[in-house]
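Right, one structure below, let's go through it.
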Amino acid sequence: MTDTAVYAAGGVVWRLVEGKLKVLVIHRTAYADVTLPKGKVDPGEMLAETAAREIFEETGIRVSLGIPVGVSRYRMPNKRQKIVHYWSAEATDKAIRESAFVPNKEIAAIEWVGPKRALKHLSYPVDVEILENFLRFVDDGILATFPIVVLRHAKATPREEWDGADAARPLTARGTKQSSAIVGPLRAFGVRKIVSSDAVRCVTTVTPLAAALGRPIERTPLISQDAWEEGAADARAVIGKRVRARKPAVLCSHGPVLPDILTELALATGTLRGSYLGSASSLEVGAFSVAHLSATNPGSGIVAIETHAPKV
């Protein structure tokens, strides 16, 4: 990839109508074409945030992102490469009712169609490929999913520069910016439950998210670094509760604890352990991994896992 590439994000928006799958296509006014909803990244945005925003702006429907369903790459007329990341996204009945979409100078219409018709009417092969990726998941019995997000706390004052208790170390100015930068993307994944190590640097990392959602932070020593160093941590208990709840959640913890959290998530979902667990747990400060689980059968394994880092 070159720095001149243009990044964008969007989604395969879906719903069930009387048990039948429908996907959303948009008819664009200026181009007279049929595409999937997508748009360019705004400055400072993370890709997941872009996808949810663009879907809302183009369709009026607020969605939470599901599994990633592919990346399209193509050359624009000006020869620059465009790279578009796509996610699956369910449109709930409530979100559809609340949509205030009206035809405009950019979007002439939005239309719910069956997958076969969508494949036939989409104007571009790259869109067809993304939809085919999505339909492969559907054929495997994966449609509704929920995320468990594993977040490493934002940048904190280094241990050697802090005289107090380790658990009391505060965030740096950069860490404070990171804690704000992750609010949008975490909301894009529909996170509602916030669980955090009781260390100040973890609680402060998720405080802006809690404020944005109007939700409390559940603080626990079971995923704290102090408990981990003392051999008293219990990631299994925390993960087990979250998998059983089948609700979108974020767990904020520490670098050394993250491998245990991901290992327990694999065990709790019957997922074969592999090198991907190491990648998903080797997070820089302020970064997070999203593990997507089947909403109907969470014990069928981690469906997909992706990692995101703030741009600050």
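As shown in the structure tokens, the chain order sets the letters A, B, ...; within each chain, residues go from 1, and ligands are also counted from 1 in the order they appear.
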
May I have the residues within 10 Å of stretch 139-142 of chain A as a ChimeraX atom specification, using only C-alpha atoms and disregarding those fewer than 6 positions away in the same chain?
/A:67,293-297,300,303

May I have the residues within 10 Å of stretch 47-49 of chain A as a CSV table (one decimal) with all heavy atoms, in the first residue's frame, using only C-alpha atoms and disregarding those fewer than 3 positions away in the same chain?
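Saved to out-v5.csv:
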```csv
chain,number,residue,atom,x,y,z
A,7,TYR,N,-8.6,5.5,1.5
A,7,TYR,CA,-9.2,4.5,2.4
A,7,TYR,C,-10.7,4.8,2.6
A,7,TYR,O,-11.1,6.0,2.7
A,7,TYR,CB,-8.5,4.4,3.7
A,7,TYR,CG,-7.1,3.7,3.6
A,7,TYR,CD1,-6.0,4.5,3.3
A,7,TYR,CD2,-7.0,2.4,3.7
A,7,TYR,CE1,-4.8,3.9,3.2
A,7,TYR,CE2,-5.7,1.8,3.5
A,7,TYR,CZ,-4.6,2.6,3.3
A,7,TYR,OH,-3.4,2.0,3.1
A,8,ALA,N,-11.5,3.8,2.5
A,8,ALA,CA,-12.9,3.9,2.7
A,8,ALA,C,-13.4,2.7,3.5
A,8,ALA,O,-12.7,1.7,3.6
A,8,ALA,CB,-13.6,4.1,1.4
A,9,ALA,N,-14.7,2.8,3.9
A,9,ALA,CA,-15.3,1.6,4.6
A,9,ALA,C,-16.8,1.6,4.4
A,9,ALA,O,-17.4,2.7,4.1
A,9,ALA,CB,-14.9,1.7,6.1
A,10,GLY,N,-17.4,0.4,4.5
A,10,GLY,CA,-18.8,0.3,4.3
A,10,GLY,C,-19.3,-1.0,4.8
A,10,GLY,O,-18.6,-1.7,5.6
A,11,GLY,N,-20.4,-1.5,4.3
A,11,GLY,CA,-21.0,-2.7,4.9
A,11,GLY,C,-22.0,-3.4,4.0
A,11,GLY,O,-22.5,-2.8,3.0
A,40,LYS,N,-15.6,7.5,2.3
A,40,LYS,CA,-14.2,7.7,2.6
A,40,LYS,C,-14.0,8.0,4.1
A,40,LYS,O,-14.9,8.5,4.8
A,40,LYS,CB,-13.6,8.9,1.8
A,40,LYS,CG,-13.4,8.5,0.3
A,40,LYS,CD,-12.6,9.6,-0.4
A,40,LYS,CE,-13.5,10.8,-0.7
A,40,LYS,NZ,-12.9,11.7,-1.6
A,41,VAL,N,-12.8,7.6,4.6
A,41,VAL,CA,-12.5,7.9,6.0
A,41,VAL,C,-12.3,9.4,6.2
A,41,VAL,O,-11.6,10.1,5.4
A,41,VAL,CB,-11.1,7.1,6.3
A,41,VAL,CG1,-10.6,7.5,7.7
A,41,VAL,CG2,-11.3,5.6,6.2
A,42,ASP,N,-12.9,9.9,7.3
A,42,ASP,CA,-12.7,11.3,7.7
A,42,ASP,C,-11.3,11.4,8.5
A,42,ASP,O,-10.9,10.4,9.1
A,42,ASP,CB,-13.8,11.8,8.6
A,42,ASP,CG,-15.0,12.2,7.7
A,42,ASP,OD1,-14.9,12.4,6.5
A,42,ASP,OD2,-16.1,12.4,8.3
A,44,GLY,N,-8.7,11.4,11.2
A,44,GLY,CA,-8.7,10.9,12.6
A,44,GLY,C,-9.6,9.7,12.8
A,44,GLY,O,-9.5,9.2,13.9
A,52,ALA,N,-19.7,2.5,10.0
A,52,ALA,CA,-21.0,2.8,10.7
A,52,ALA,C,-21.5,4.1,10.3
A,52,ALA,O,-22.7,4.3,10.1
A,52,ALA,CB,-20.8,2.6,12.2
A,53,ARG,N,-20.6,5.1,10.3
A,53,ARG,CA,-21.1,6.5,9.9
A,53,ARG,C,-21.6,6.6,8.5
A,53,ARG,O,-22.6,7.2,8.2
A,53,ARG,CB,-19.9,7.5,10.1
A,53,ARG,CG,-20.2,8.9,9.7
A,53,ARG,CD,-19.1,9.9,9.8
A,53,ARG,NE,-17.9,9.5,9.1
A,53,ARG,CZ,-17.8,9.6,7.7
A,53,ARG,NH1,-18.8,10.0,7.0
A,53,ARG,NH2,-16.6,9.2,7.1
A,54,GLU,N,-20.8,6.0,7.6
A,54,GLU,CA,-21.2,6.1,6.2
A,54,GLU,C,-22.5,5.3,5.9
A,54,GLU,O,-23.4,5.8,5.1
A,54,GLU,CB,-20.1,5.5,5.3
A,54,GLU,CG,-18.9,6.5,5.1
A,54,GLU,CD,-19.3,7.7,4.2
A,54,GLU,OE1,-20.3,7.7,3.5
A,54,GLU,OE2,-18.5,8.7,4.3
A,64,SER,N,-24.8,-1.7,14.1
A,64,SER,CA,-23.6,-2.1,14.8
A,64,SER,C,-22.9,-3.1,13.9
A,64,SER,O,-23.6,-3.9,13.3
A,64,SER,CB,-24.0,-2.8,16.1
A,64,SER,OG,-24.6,-1.9,17.0
A,65,LEU,N,-21.6,-3.0,13.8
A,65,LEU,CA,-20.9,-3.8,12.9
A,65,LEU,C,-20.8,-5.2,13.4
A,65,LEU,O,-20.6,-5.5,14.6
A,65,LEU,CB,-19.5,-3.2,12.6
A,65,LEU,CG,-19.4,-1.8,12.1
A,65,LEU,CD1,-18.0,-1.4,11.9
A,65,LEU,CD2,-20.2,-1.6,10.8
A,68,PRO,N,-16.0,-8.8,9.8
A,68,PRO,CA,-15.5,-8.2,8.6
A,68,PRO,C,-15.7,-9.2,7.4
A,68,PRO,O,-15.6,-10.4,7.6
A,68,PRO,CB,-14.0,-8.1,8.9
A,68,PRO,CG,-13.7,-9.1,10.0
A,68,PRO,CD,-15.0,-9.2,10.8
A,84,VAL,N,-11.2,-0.4,0.3
A,84,VAL,CA,-12.4,-0.3,1.0
A,84,VAL,C,-12.6,-1.5,1.9
A,84,VAL,O,-12.6,-2.6,1.4
A,84,VAL,CB,-13.7,-0.1,0.1
A,84,VAL,CG1,-14.9,0.2,0.8
A,84,VAL,CG2,-13.4,0.9,-1.1
A,85,HIS,N,-12.8,-1.3,3.2
A,85,HIS,CA,-13.0,-2.4,4.2
A,85,HIS,C,-14.5,-2.5,4.4
A,85,HIS,O,-15.2,-1.5,4.6
A,85,HIS,CB,-12.3,-2.1,5.5
A,85,HIS,CG,-10.8,-2.2,5.4
A,85,HIS,ND1,-10.1,-3.2,6.0
A,85,HIS,CD2,-9.9,-1.4,4.7
A,85,HIS,CE1,-8.8,-3.0,5.7
A,85,HIS,NE2,-8.6,-1.9,5.0
A,86,TYR,N,-15.0,-3.7,4.4
A,86,TYR,CA,-16.4,-3.9,4.6
A,86,TYR,C,-16.7,-4.8,5.8
A,86,TYR,O,-16.0,-5.8,6.1
A,86,TYR,CB,-17.0,-4.6,3.4
A,86,TYR,CG,-17.1,-3.7,2.2
A,86,TYR,CD1,-16.1,-3.7,1.2
A,86,TYR,CD2,-18.3,-3.0,1.9
A,86,TYR,CE1,-16.2,-2.9,0.1
A,86,TYR,CE2,-18.4,-2.2,0.8
A,86,TYR,CZ,-17.3,-2.1,-0.1
A,86,TYR,OH,-17.4,-1.3,-1.2
A,87,TRP,N,-17.8,-4.6,6.5
A,87,TRP,CA,-18.3,-5.4,7.6
A,87,TRP,C,-19.8,-5.8,7.3
A,87,TRP,O,-20.5,-5.1,6.6
A,87,TRP,CB,-18.3,-4.6,8.9
A,87,TRP,CG,-17.0,-4.5,9.6
A,87,TRP,CD1,-16.5,-5.3,10.5
A,87,TRP,CD2,-16.0,-3.5,9.3
A,87,TRP,NE1,-15.2,-4.9,10.9
A,87,TRP,CE2,-14.9,-3.8,10.1
A,87,TRP,CE3,-15.9,-2.4,8.4
A,87,TRP,CZ2,-13.7,-3.0,10.1
A,87,TRP,CZ3,-14.7,-1.7,8.4
A,87,TRP,CH2,-13.6,-2.0,9.3
A,182,ILE,N,-10.9,6.0,20.8
A,182,ILE,CA,-11.5,4.7,20.6
A,182,ILE,C,-13.0,4.7,20.9
A,182,ILE,O,-13.7,3.6,20.6
A,182,ILE,CB,-10.8,3.7,21.6
A,182,ILE,CG1,-10.9,4.1,23.0
A,182,ILE,CG2,-9.4,3.5,21.1
A,182,ILE,CD1,-10.3,3.1,24.0
A,183,VAL,N,-13.6,5.8,21.3
A,183,VAL,CA,-15.0,5.8,21.6
A,183,VAL,C,-15.8,5.5,20.3
A,183,VAL,O,-16.7,4.6,20.4
A,183,VAL,CB,-15.5,7.1,22.2
A,183,VAL,CG1,-17.0,7.2,22.3
A,183,VAL,CG2,-14.9,7.3,23.6
A,184,GLY,N,-15.5,6.2,19.2
A,184,GLY,CA,-16.3,6.0,18.0
A,184,GLY,C,-16.3,4.5,17.5
A,184,GLY,O,-17.3,3.9,17.2
A,185,PRO,N,-15.1,4.0,17.3
A,185,PRO,CA,-15.0,2.6,16.8
A,185,PRO,C,-15.6,1.6,17.8
A,185,PRO,O,-16.3,0.6,17.3
A,185,PRO,CB,-13.5,2.3,16.6
A,185,PRO,CG,-12.8,3.4,17.3
A,185,PRO,CD,-13.7,4.6,17.3
A,186,LEU,N,-15.5,1.7,19.1
A,186,LEU,CA,-16.1,0.8,20.0
A,186,LEU,C,-17.6,0.9,19.9
A,186,LEU,O,-18.3,-0.1,20.0
A,186,LEU,CB,-15.6,1.0,21.4
A,186,LEU,CG,-14.1,0.6,21.7
A,186,LEU,CD1,-13.7,1.0,23.1
A,186,LEU,CD2,-13.9,-0.9,21.5
A,187,ARG,N,-18.1,2.1,19.8
A,187,ARG,CA,-19.6,2.2,19.6
A,187,ARG,C,-20.0,1.6,18.2
A,187,ARG,O,-21.1,1.1,18.1
A,187,ARG,CB,-20.0,3.7,19.6
A,187,ARG,CG,-19.8,4.4,20.9
A,187,ARG,CD,-20.4,5.8,21.0
A,187,ARG,NE,-21.8,5.8,21.1
A,187,ARG,CZ,-22.6,6.9,21.3
A,187,ARG,NH1,-22.0,8.0,21.3
A,187,ARG,NH2,-23.9,6.8,21.4
A,188,ALA,N,-19.2,1.7,17.2
A,188,ALA,CA,-19.5,1.1,15.9
A,188,ALA,C,-19.8,-0.4,16.0
A,188,ALA,O,-20.6,-0.9,15.3
A,188,ALA,CB,-18.4,1.4,14.9
A,189,PHE,N,-19.1,-1.0,17.0
A,189,PHE,CA,-19.3,-2.5,17.2
A,189,PHE,C,-20.4,-2.8,18.1
A,189,PHE,O,-20.6,-3.9,18.5
A,189,PHE,CB,-18.0,-3.1,17.6
A,189,PHE,CG,-16.9,-3.3,16.6
A,189,PHE,CD1,-15.8,-2.5,16.6
A,189,PHE,CD2,-17.1,-4.2,15.5
A,189,PHE,CE1,-14.9,-2.6,15.5
A,189,PHE,CE2,-16.2,-4.3,14.5
A,189,PHE,CZ,-15.0,-3.5,14.5
A,308,HIS,N,-7.5,-3.3,15.9
A,308,HIS,CA,-7.6,-1.9,15.6
A,308,HIS,C,-6.7,-1.1,16.5
A,308,HIS,O,-6.7,-1.4,17.7
A,308,HIS,CB,-9.0,-1.4,15.6
A,308,HIS,CG,-9.9,-2.1,14.7
A,308,HIS,ND1,-10.2,-1.6,13.4
A,308,HIS,CD2,-10.6,-3.3,14.9
A,308,HIS,CE1,-11.1,-2.5,12.9
A,308,HIS,NE2,-11.3,-3.5,13.7
```

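Every protein, DNA or RNA residue with an atom at most 8 Å from stretch 35-38 of chain A, where only C-alpha atoms count and chain neighbours fewer than 6 positions away do not, is listed here: Ala8, Ala9, Gly10, Gly11, Val12, Leu24, Val25, Ile26, His27, Arg28, Ala51, Glu54, Ile55, Glu58, Thr59, Val84, Leu122, Ser123, Tyr124 and Asp127 of chain A.
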
Assign secondary structure with DSSP using the backbone only, and return the residues of stretch 114-298 of chain A in helix (DSSP H, G or I) as a ChimeraX atom specification.
/A:115-121,125-139,159-161,166-168,173-181,183-188,200-213,221-223,225-229,235-245,258-268,275-281,298

Determine, counting only C-alpha atoms, which protein, DNA and RNA residues have an atom within 10 Å of an atom of A:Glu129; residues of the same chain fewer than 5 positions away are not included. Present the result as a PyMOL selection string.
chain A and resi 69-72+119+124+134-135

Have a look at A:Thr92, A:Thr172, A:Ser224, A:Ser253 and name the one nearest to A:Arg15; count only C-alpha atoms.
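Smallest separation from A:Arg15 among the options: A:Thr92.
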
Which one is closest to A:Ile239: A:Val23, A:Ile217, A:Leu262, A:Ala32? Count only C-alpha atoms.
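Nearest to A:Ile239: A:Leu262.
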
Looking at A:Ser289, A:Ser180, A:Thr307, A:Ser197, which one is nearest to A:Val149, with distances taken over only C-alpha atoms?
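For A:Val149, the nearest of the candidates is A:Ser289.
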
All strand (DSSP E or B) residues (DSSP, backbone) inside stretch 98-220 of chain A, as a ChimeraX atom specification:
/A:107-113,145-152,156,171,193-197,217-220

For a test of reading the model, state the distance in Å between atom CA of A:Pro259 and atom CA of A:Ser281, rounded to one decimal.
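Separation of atom CA of A:Pro259 and atom CA of A:Ser281: 5.2 Å.
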
Computed interatomic separation between atom CA of A:Ala210 and atom CA of A:Arg192 (Å)
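It comes out at 8.8 Å.
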
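Taking atom CA of A:Ile261 and atom CA of A:Gly214 as the two end points, the separation is 25.9 Å.
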
Taking 6 positions as the minimum chain separation for residues in the same chain, which residues sit within 10 Å of A:Gly60 when counting only C-alpha atoms? Answer as a PyMOL selection string.
chain A and resi 53-54+95-102+110

Export N, CA and C atoms of the chosen residues as a PDB file, in the first residue's frame?
```
ATOM      1  N   ARG A  53     -20.627   5.135  10.274  1.00  0.00           N
ATOM      2  CA  ARG A  53     -21.059   6.497   9.933  1.00  0.00           C
ATOM      3  C   ARG A  53     -21.580   6.573   8.503  1.00  0.00           C
ATOM      4  N   GLU A  54     -20.819   5.979   7.571  1.00  0.00           N
ATOM      5  CA  GLU A  54     -21.218   6.061   6.169  1.00  0.00           C
ATOM      6  C   GLU A  54     -22.526   5.309   5.906  1.00  0.00           C
ATOM      7  N   ALA A  95     -34.161   0.165  14.027  1.00  0.00           N
ATOM      8  CA  ALA A  95     -33.304   1.075  13.267  1.00  0.00           C
ATOM      9  C   ALA A  95     -33.939   1.442  11.925  1.00  0.00           C
ATOM     10  N   ILE A  96     -34.599   0.479  11.302  1.00  0.00           N
ATOM     11  CA  ILE A  96     -35.259   0.748  10.015  1.00  0.00           C
ATOM     12  C   ILE A  96     -36.430   1.712  10.211  1.00  0.00           C
ATOM     13  N   ARG A  97     -37.203   1.488  11.284  1.00  0.00           N
ATOM     14  CA  ARG A  97     -38.335   2.389  11.574  1.00  0.00           C
ATOM     15  C   ARG A  97     -37.848   3.823  11.818  1.00  0.00           C
ATOM     16  N   GLU A  98     -36.689   3.940  12.457  1.00  0.00           N
ATOM     17  CA  GLU A  98     -36.179   5.268  12.820  1.00  0.00           C
ATOM     18  C   GLU A  98     -35.432   5.958  11.681  1.00  0.00           C
ATOM     19  N   SER A  99     -35.211   5.253  10.584  1.00  0.00           N
ATOM     20  CA  SER A  99     -34.493   5.862   9.459  1.00  0.00           C
ATOM     21  C   SER A  99     -35.290   7.014   8.860  1.00  0.00           C
ATOM     22  N   ALA A 100     -34.600   8.126   8.652  1.00  0.00           N
ATOM     23  CA  ALA A 100     -35.255   9.301   8.056  1.00  0.00           C
ATOM     24  C   ALA A 100     -34.785   9.500   6.616  1.00  0.00           C
ATOM     25  N   PHE A 101     -34.399   8.400   5.948  1.00  0.00           N
ATOM     26  CA  PHE A 101     -33.862   8.518   4.580  1.00  0.00           C
ATOM     27  C   PHE A 101     -34.889   9.122   3.629  1.00  0.00           C
ATOM     28  N   VAL A 102     -34.418  10.071   2.825  1.00  0.00           N
ATOM     29  CA  VAL A 102     -35.202  10.575   1.687  1.00  0.00           C
ATOM     30  C   VAL A 102     -34.237  10.671   0.504  1.00  0.00           C
ATOM     31  N   ILE A 110     -32.796   3.559  -1.786  1.00  0.00           N
ATOM     32  CA  ILE A 110     -32.220   2.370  -1.154  1.00  0.00           C
ATOM     33  C   ILE A 110     -33.235   1.243  -1.326  1.00  0.00           C
TER      34      ILE A 110
END
```

Test item: residues at most 7 Å from A:Ala309, only C-alpha atoms, excluding those fewer than 3 positions along its chain, as a PyMOL selection string
chain A and resi 286-288

Which is closer to A:Ala144 than all the others in A:Ile83, A:Ala227, A:Val290, A:Ala89, using only C-alpha atoms?
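Among A:Ile83, A:Ala227, A:Val290, A:Ala89, it is A:Ala89 that comes nearest to A:Ala144.
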
Counting only C-alpha atoms, what is within 9 Å of A:Val203, bar same-chain residues fewer than 3 positions away, as a list in words?
His153, Val195, Ser196, Ser197, Asp198, Ala199, Val200, Val206, Thr207, Ile217, Arg219 and Cys252 of chain A
